[in-house]
$ cat data_37.tsv   # TSV, C-alpha atoms
chain	number	residue	atom	x	y	z
A	1	MET	CA	76.63	88.99	115.01
A	2	PRO	CA	74.39	87.33	112.40
A	3	HIS	CA	76.39	84.53	110.77
A	4	HIS	CA	74.53	84.84	107.47
A	5	LEU	CA	76.29	88.13	106.77
A	6	PHE	CA	79.68	86.57	106.22
A	7	SER	CA	81.33	84.06	103.94
A	8	ALA	CA	84.30	82.05	105.17
A	9	SER	CA	86.70	84.59	103.63
A	10	ALA	CA	84.91	87.74	104.76
A	11	HIS	CA	86.28	90.04	107.46
A	12	LEU	CA	84.35	92.43	109.69
A	13	LEU	CA	85.91	95.90	109.54
A	14	TRP	CA	83.41	98.03	111.43
A	15	ARG	CA	80.25	97.66	113.47
A	16	LEU	CA	78.36	100.96	113.49
A	17	ARG	CA	76.03	102.25	116.20
A	18	ASP	CA	72.99	101.58	114.02
A	19	GLY	CA	73.95	97.92	113.65
A	20	THR	CA	75.44	98.24	110.16
A	21	HIS	CA	78.36	95.90	109.46
A	22	ILE	CA	81.19	96.99	107.17
A	23	VAL	CA	82.56	93.84	105.56
A	24	LEU	CA	85.54	93.17	103.27
A	25	ARG	CA	84.98	90.15	101.01
A	26	PRO	CA	85.70	88.88	97.49
A	27	LEU	CA	83.61	90.33	94.68
A	28	GLN	CA	80.61	88.15	93.81
A	29	ALA	CA	78.47	87.93	90.68
A	30	LYS	CA	75.49	89.31	92.59
A	31	ASP	CA	77.40	92.55	93.28
A	32	SER	CA	77.02	93.97	89.75
A	33	ALA	CA	73.99	96.12	90.59
A	34	LEU	CA	75.57	97.27	93.86
A	35	LEU	CA	78.74	98.30	92.00
A	36	GLU	CA	76.68	100.24	89.49
A	37	ASP	CA	74.87	102.02	92.32
A	38	MET	CA	78.22	103.00	93.86
A	39	LEU	CA	79.47	104.30	90.52
A	40	GLU	CA	76.40	106.51	90.21
A	41	ARG	CA	77.12	107.95	93.67
A	42	LEU	CA	80.74	108.88	92.94
A	43	SER	CA	81.56	112.56	92.66
A	44	PRO	CA	83.10	113.78	89.38
A	45	ARG	CA	86.46	114.14	91.13
A	46	THR	CA	86.44	110.61	92.54
A	47	ARG	CA	85.28	109.23	89.20
A	48	ARG	CA	88.17	111.07	87.47
A	49	ASN	CA	90.67	109.79	90.03
A	50	ARG	CA	89.54	106.20	89.48
A	51	PHE	CA	89.21	106.21	85.70
A	52	HIS	CA	91.68	109.01	84.80
A	53	GLY	CA	89.11	110.81	82.68
A	54	GLY	CA	85.53	110.61	81.51
A	55	VAL	CA	83.59	107.39	81.72
A	56	ASN	CA	81.29	106.44	78.86
A	57	GLY	CA	79.00	103.43	78.84
A	58	ARG	CA	79.67	100.54	81.19
A	59	PRO	CA	83.24	100.93	82.49
A	60	ALA	CA	85.49	98.03	83.39
A	61	LEU	CA	84.44	98.36	87.03
A	62	LEU	CA	81.07	96.85	86.12
A	63	GLU	CA	82.37	94.07	83.89
A	64	PRO	CA	83.46	90.60	85.05
A	65	MET	CA	87.17	90.05	85.64
A	66	GLN	CA	88.50	89.06	82.21
A	67	ALA	CA	92.16	88.46	83.01
A	68	GLU	CA	92.94	84.95	84.21
A	69	GLY	CA	93.92	85.08	87.85
A	70	GLY	CA	92.41	88.52	88.42
A	71	VAL	CA	91.21	89.30	91.94
A	72	ALA	CA	88.62	91.78	93.19
A	73	PHE	CA	87.39	92.71	96.66
A	74	VAL	CA	84.45	94.81	97.74
A	75	VAL	CA	83.73	96.56	101.01
A	76	VAL	CA	80.04	96.23	101.79
A	77	ALA	CA	77.90	98.13	104.29
A	78	GLU	CA	74.99	95.89	105.24
A	79	ASN	CA	72.21	95.75	107.77
A	80	PRO	CA	68.83	93.96	107.83
A	81	HIS	CA	67.26	96.75	105.76
A	82	HIS	CA	69.91	97.87	103.29
A	83	THR	CA	73.11	96.71	101.55
A	84	GLN	CA	75.52	98.80	99.51
A	85	VAL	CA	79.05	98.49	98.14
A	86	VAL	CA	81.15	101.37	99.47
A	87	ALA	CA	84.59	100.45	98.09
A	88	GLU	CA	86.12	98.17	95.47
A	89	ALA	CA	89.69	97.07	94.77
A	90	ARG	CA	91.09	94.71	92.14
A	91	TYR	CA	94.13	93.62	90.26
A	92	ALA	CA	94.60	92.10	86.82
A	93	ILE	CA	97.63	89.97	86.03
A	94	ASP	CA	99.87	90.98	83.13
A	95	HIS	CA	100.16	88.08	80.71
A	96	ASP	CA	102.54	89.67	78.24
A	97	GLY	CA	105.49	88.41	80.28
A	98	GLU	CA	105.74	85.66	82.88
A	99	GLY	CA	102.53	86.61	84.63
A	100	ARG	CA	104.41	87.76	87.72
A	101	THR	CA	103.10	91.33	87.81
A	102	ALA	CA	99.62	92.76	88.17
A	103	GLU	CA	97.99	96.17	87.86
A	104	PHE	CA	95.71	97.32	90.66
A	105	ALA	CA	92.86	99.82	90.96
A	106	VAL	CA	90.84	100.96	93.96
A	107	VAL	CA	87.91	103.30	94.56
A	108	VAL	CA	86.05	104.35	97.71
A	109	ASP	CA	82.58	105.94	97.84
A	110	ASP	CA	82.96	109.65	98.67
A	111	ARG	CA	80.87	109.36	101.82
A	112	TRP	CA	83.09	106.56	103.11
A	113	GLN	CA	86.50	108.07	102.42
A	114	ARG	CA	89.07	108.84	105.15
A	115	LEU	CA	87.89	105.87	107.23
A	116	GLY	CA	90.67	103.43	106.31
A	117	LEU	CA	88.68	101.39	103.79
A	118	GLY	CA	91.19	101.97	101.00
A	119	ALA	CA	94.07	100.80	103.18
A	120	HIS	CA	92.25	97.63	104.18
A	121	ALA	CA	91.38	96.87	100.56
A	122	MET	CA	94.93	97.50	99.33
A	123	ARG	CA	96.41	95.29	102.02
A	124	ALA	CA	93.98	92.54	101.03
A	125	LEU	CA	95.17	92.90	97.42
A	126	THR	CA	98.87	92.84	98.26
A	127	ASN	CA	98.45	89.92	100.65
A	128	THR	CA	96.51	87.93	98.05
A	129	ALA	CA	98.96	88.77	95.26
A	130	SER	CA	101.93	87.80	97.40
A	131	HIS	CA	100.43	84.43	98.31
A	132	ALA	CA	99.56	83.88	94.63
A	133	GLY	CA	103.26	84.08	93.79
A	134	LEU	CA	103.22	87.46	92.07
A	135	HIS	CA	106.40	89.55	92.24
A	136	TRP	CA	105.12	93.07	91.64
A	137	LEU	CA	101.88	95.02	92.07
A	138	TYR	CA	101.65	98.40	90.35
A	139	GLY	CA	99.28	101.14	89.28
A	140	ASP	CA	99.17	104.69	87.93
A	141	VAL	CA	97.86	107.50	90.13
A	142	LEU	CA	96.98	111.02	89.02
A	143	ALA	CA	99.67	113.39	90.31
A	144	ASP	CA	97.09	115.66	91.93
A	145	ASN	CA	95.35	112.79	93.76
A	146	GLN	CA	97.05	113.47	97.07
A	147	ALA	CA	94.79	111.17	99.07
A	148	MET	CA	95.68	108.17	96.92
A	149	LEU	CA	99.38	109.02	96.93
A	150	GLY	CA	99.23	109.19	100.72
A	151	LEU	CA	97.56	105.77	100.78
A	152	MET	CA	100.30	104.37	98.56
A	153	GLN	CA	102.97	105.62	100.94
A	154	ARG	CA	101.18	104.17	103.96
A	155	CYS	CA	100.99	100.82	102.16
A	156	HIS	CA	104.75	100.98	101.39
A	157	PHE	CA	104.46	101.47	97.63
A	158	CYS	CA	107.30	103.23	95.83
A	159	CYS	CA	105.93	106.28	93.99
A	160	THR	CA	107.80	107.86	91.06
A	161	PRO	CA	106.68	110.43	88.46
A	162	ASP	CA	105.82	108.92	85.10
A	163	GLN	CA	108.57	109.82	82.62
A	164	GLU	CA	106.18	110.08	79.66
A	165	ASP	CA	103.06	111.59	81.23
A	166	THR	CA	103.53	114.31	83.86
A	167	ARG	CA	99.91	113.87	84.99
A	168	LEU	CA	100.71	110.45	86.43
A	169	VAL	CA	102.69	108.93	89.26
A	170	HIS	CA	103.70	105.28	89.03
A	171	ALA	CA	103.17	103.31	92.25
A	172	GLU	CA	104.62	99.84	92.70
A	173	ILE	CA	105.57	97.41	95.42
A	174	SER	CA	107.89	94.41	95.39
A	175	LEU	CA	105.87	91.57	96.85
A	176	ARG	CA	108.99	89.48	97.34
A	177	ALA	CA	110.48	92.22	99.50
A	178	ALA	CA	107.23	92.35	101.46
A	179	GLN	CA	107.75	88.70	102.37
A	180	GLU	CA	111.03	89.40	104.17
A	181	PRO	CA	110.95	88.46	107.90
A	182	VAL	CA	110.71	92.10	109.02
A	183	GLU	CA	107.37	92.37	107.21
A	184	SER	CA	106.04	88.86	107.71
A	185	ASN	CA	104.91	89.47	111.27
A	186	ARG	CA	102.73	92.39	110.33
A	187	TRP	CA	99.04	91.55	110.34
A	188	TRP	CA	97.52	93.07	107.20
A	189	GLY	CA	93.97	92.13	108.03
A	190	PRO	CA	91.01	94.18	109.13
A	191	ARG	CA	90.43	95.76	112.48
A	192	VAL	CA	87.14	95.55	114.30
A	193	VAL	CA	86.12	99.13	115.04
A	194	HIS	CA	83.41	99.68	117.58
A	195	ALA	CA	81.44	102.88	118.13
A	196	THR	CA	83.57	103.74	121.17
A	197	GLY	CA	86.99	102.97	119.76
A	198	MET	CA	89.22	100.51	117.95
A	199	ASP	CA	90.27	96.97	118.84
A	200	TYR	CA	92.56	94.74	116.83
A	201	ALA	CA	90.85	91.55	115.73

$ encode --input "data_37.tsv" --output "structure tokens"
Amino acid sequence: MPHHLFSASAHLLWRLRDGTHIVLRPLQAKDSALLEDMLERLSPRTRRNRFHGGVNGRPALLEPMQAEGGVAFVVVAENPHHTQVVAEARYAIDHDGEGRTAEFAVVVDDRWQRLGLGAHAMRALTNTASHAGLHWLYGDVLADNQAMLGLMQRCHFCCTPDQEDTRLVHAEISLRAAQEPVESNRWWGPRVVHATGMDYA
């Protein structure tokens, strides 16, 4: 495995037959163009699910994290000939209170959906938020986005219909509860998936 592909905080998720590595790592300044390329590849449905409507101009996905303490991860597919971002997940801390809650968002390239990338990215977010001392992580999901609601359930988020907007479902998780002993032994991190099967790293 070429060492130059990874930073100290990067995790190998998959190694494909063609030699491509699928890597989860923190968002970097150099990723702006790769994020824009991914946005252009998104289907109208995936774009709607991520942004809850039309997107005009340069959306927040392409802008630097403005909120102090915000965190963003990307999943990158890279080989010696080509690199592309195939998923992105972030949270922004709420500063209107004690700064103990944060709102998350996640998107996966259509061609890379149903491979577990969203789950890996969400677990990276919740793990990071928990260790940062946050108490709650939350987000709004479109009620007809069944794939995302399923992901929320698998990641142990509580999902409740929004009382003011029937189009939305509110998803949240108590990070303090996630630190209880019954959860603490669960390894959130990535798996290494080979062409012939799956092995836990």

$ atom_distance --input "data_37.tsv" --atom1 "CA of Asp31 in chain A" --atom2 "CA of Gln113 in chain A"
20.2 Å

$ closest_residue --input "data_37.tsv" --among "A:Glu164, A:Asp140, A:Glu172, A:Asp110" --to "Val86 in chain A" --atoms "all atoms listed in the file"
A:Asp110

$ atom_distance --input "data_37.tsv" --atom1 "CA of Thr20 in chain A" --atom2 "CA of Leu125 in chain A"
24.1 Å

$ atom_distance --input "data_37.tsv" --atom1 "CA of Val108 in chain A" --atom2 "CA of Gly70 in chain A"
19.4 Å

$ closest_residue --input "data_37.tsv" --among "A:Arg17, A:His82, A:Arg114, A:His120" --to "Leu34 in chain A" --atoms "all atoms listed in the file"
A:His82

$ closest_residue --input "data_37.tsv" --among "A:Phe73, A:Lys30, A:Arg176, A:Ala129" --to "Gly99 in chain A" --atoms "all atoms listed in the file"
A:Ala129

$ closest_residue --input "data_37.tsv" --among "A:Val107, A:Leu12, A:Ala124, A:Leu134" --to "Arg47 in chain A" --atoms "all atoms listed in the file"
A:Val107

$ closest_residue --input "data_37.tsv" --among "A:His52, A:Arg45, A:Ala121, A:Leu39" --to "Leu24 in chain A" --atoms "all atoms listed in the file"
A:Ala121

$ axis_aligned_box --input "data_37.tsv" --around "range 161-167 of chain A" --padding-each-side "3 Å" --output "lines of an AutoDock Vina configuration file"
center_x = 104.2
center_y = 111.6
center_z = 84.1
size_x = 14.7
size_y = 11.4
size_z = 14.8

$ closest_residue --input "data_37.tsv" --among "A:Leu149, A:Val75, A:Met38, A:Ala102" --to "Leu115 in chain A" --atoms "all atoms listed in the file"
A:Val75

$ residues_around --input "data_37.tsv" --residues "Ala132 in chain A" --least-positions-apart "6" --cutoff "10 Å" --atoms "all atoms listed in the file" --output "ChimeraX atom specification"
/A:69,100,126

$ residues_near_point --input "data_37.tsv" --point "(80.4, 89.4, 98.4)" --cutoff "8 Å" --atoms "all atoms listed in the file" --output "VMD selection string"
chain A and resid 7 10 25 to 28 30 to 31 73 to 74 76

$ write_last_selection --input "data_37.tsv" --atoms "C-alpha atoms" --output "PDB file, in the coordinates of the input"
ATOM      1  CA  SER A   7      81.330  84.060 103.940  1.00  0.00           C
ATOM      2  CA  ALA A  10      84.910  87.740 104.760  1.00  0.00           C
ATOM      3  CA  ARG A  25      84.980  90.150 101.010  1.00  0.00           C
ATOM      4  CA  PRO A  26      85.700  88.880  97.490  1.00  0.00           C
ATOM      5  CA  LEU A  27      83.610  90.330  94.680  1.00  0.00           C
ATOM      6  CA  GLN A  28      80.610  88.150  93.810  1.00  0.00           C
ATOM      7  CA  LYS A  30      75.490  89.310  92.590  1.00  0.00           C
ATOM      8  CA  ASP A  31      77.400  92.550  93.280  1.00  0.00           C
ATOM      9  CA  PHE A  73      87.390  92.710  96.660  1.00  0.00           C
ATOM     10  CA  VAL A  74      84.450  94.810  97.740  1.00  0.00           C
ATOM     11  CA  VAL A  76      80.040  96.230 101.790  1.00  0.00           C
TER      12      VAL A  76
END

$ decode --input "data_37.tsv" --residues "range 11-24 of chain A" --atoms "N, CA and C atoms" --output "short mmCIF file (atom, residue, chain, number, x, y, z; two decimals), in the first residue's frame"
data_model
loop_
_atom_site.label_atom_id
_atom_site.label_comp_id
_atom_site.auth_asym_id
_atom_site.auth_seq_id
_atom_site.Cartn_x
_atom_site.Cartn_y
_atom_site.Cartn_z
N HIS A 11 -8.15 6.64 7.04
CA HIS A 11 -8.46 5.23 7.23
C HIS A 11 -8.82 4.61 5.88
N LEU A 12 -8.22 3.48 5.57
CA LEU A 12 -8.55 2.75 4.36
C LEU A 12 -9.88 2.04 4.56
N LEU A 13 -10.85 2.30 3.68
CA LEU A 13 -12.13 1.61 3.73
C LEU A 13 -12.16 0.41 2.80
N TRP A 14 -11.80 0.65 1.54
CA TRP A 14 -11.83 -0.39 0.53
C TRP A 14 -10.56 -0.40 -0.29
N ARG A 15 -10.22 -1.56 -0.80
CA ARG A 15 -9.19 -1.69 -1.83
C ARG A 15 -9.84 -2.44 -2.98
N LEU A 16 -10.05 -1.78 -4.11
CA LEU A 16 -10.75 -2.38 -5.23
C LEU A 16 -9.81 -3.22 -6.09
N ARG A 17 -10.40 -4.05 -6.95
CA ARG A 17 -9.61 -4.93 -7.81
C ARG A 17 -8.65 -4.17 -8.71
N ASP A 18 -9.06 -2.96 -9.12
CA ASP A 18 -8.21 -2.19 -10.03
C ASP A 18 -7.13 -1.40 -9.30
N GLY A 19 -7.01 -1.60 -7.98
CA GLY A 19 -5.99 -0.92 -7.21
C GLY A 19 -6.44 0.38 -6.58
N THR A 20 -7.68 0.80 -6.84
CA THR A 20 -8.19 2.04 -6.25
C THR A 20 -8.38 1.87 -4.75
N HIS A 21 -7.95 2.88 -3.99
CA HIS A 21 -8.15 2.91 -2.55
C HIS A 21 -9.29 3.87 -2.23
N ILE A 22 -10.19 3.44 -1.35
CA ILE A 22 -11.27 4.29 -0.86
C ILE A 22 -10.89 4.70 0.55
N VAL A 23 -10.68 6.00 0.75
CA VAL A 23 -10.08 6.51 1.97
C VAL A 23 -11.02 7.52 2.63
N LEU A 24 -11.19 7.39 3.94
CA LEU A 24 -11.90 8.38 4.75
C LEU A 24 -10.87 9.25 5.43
#
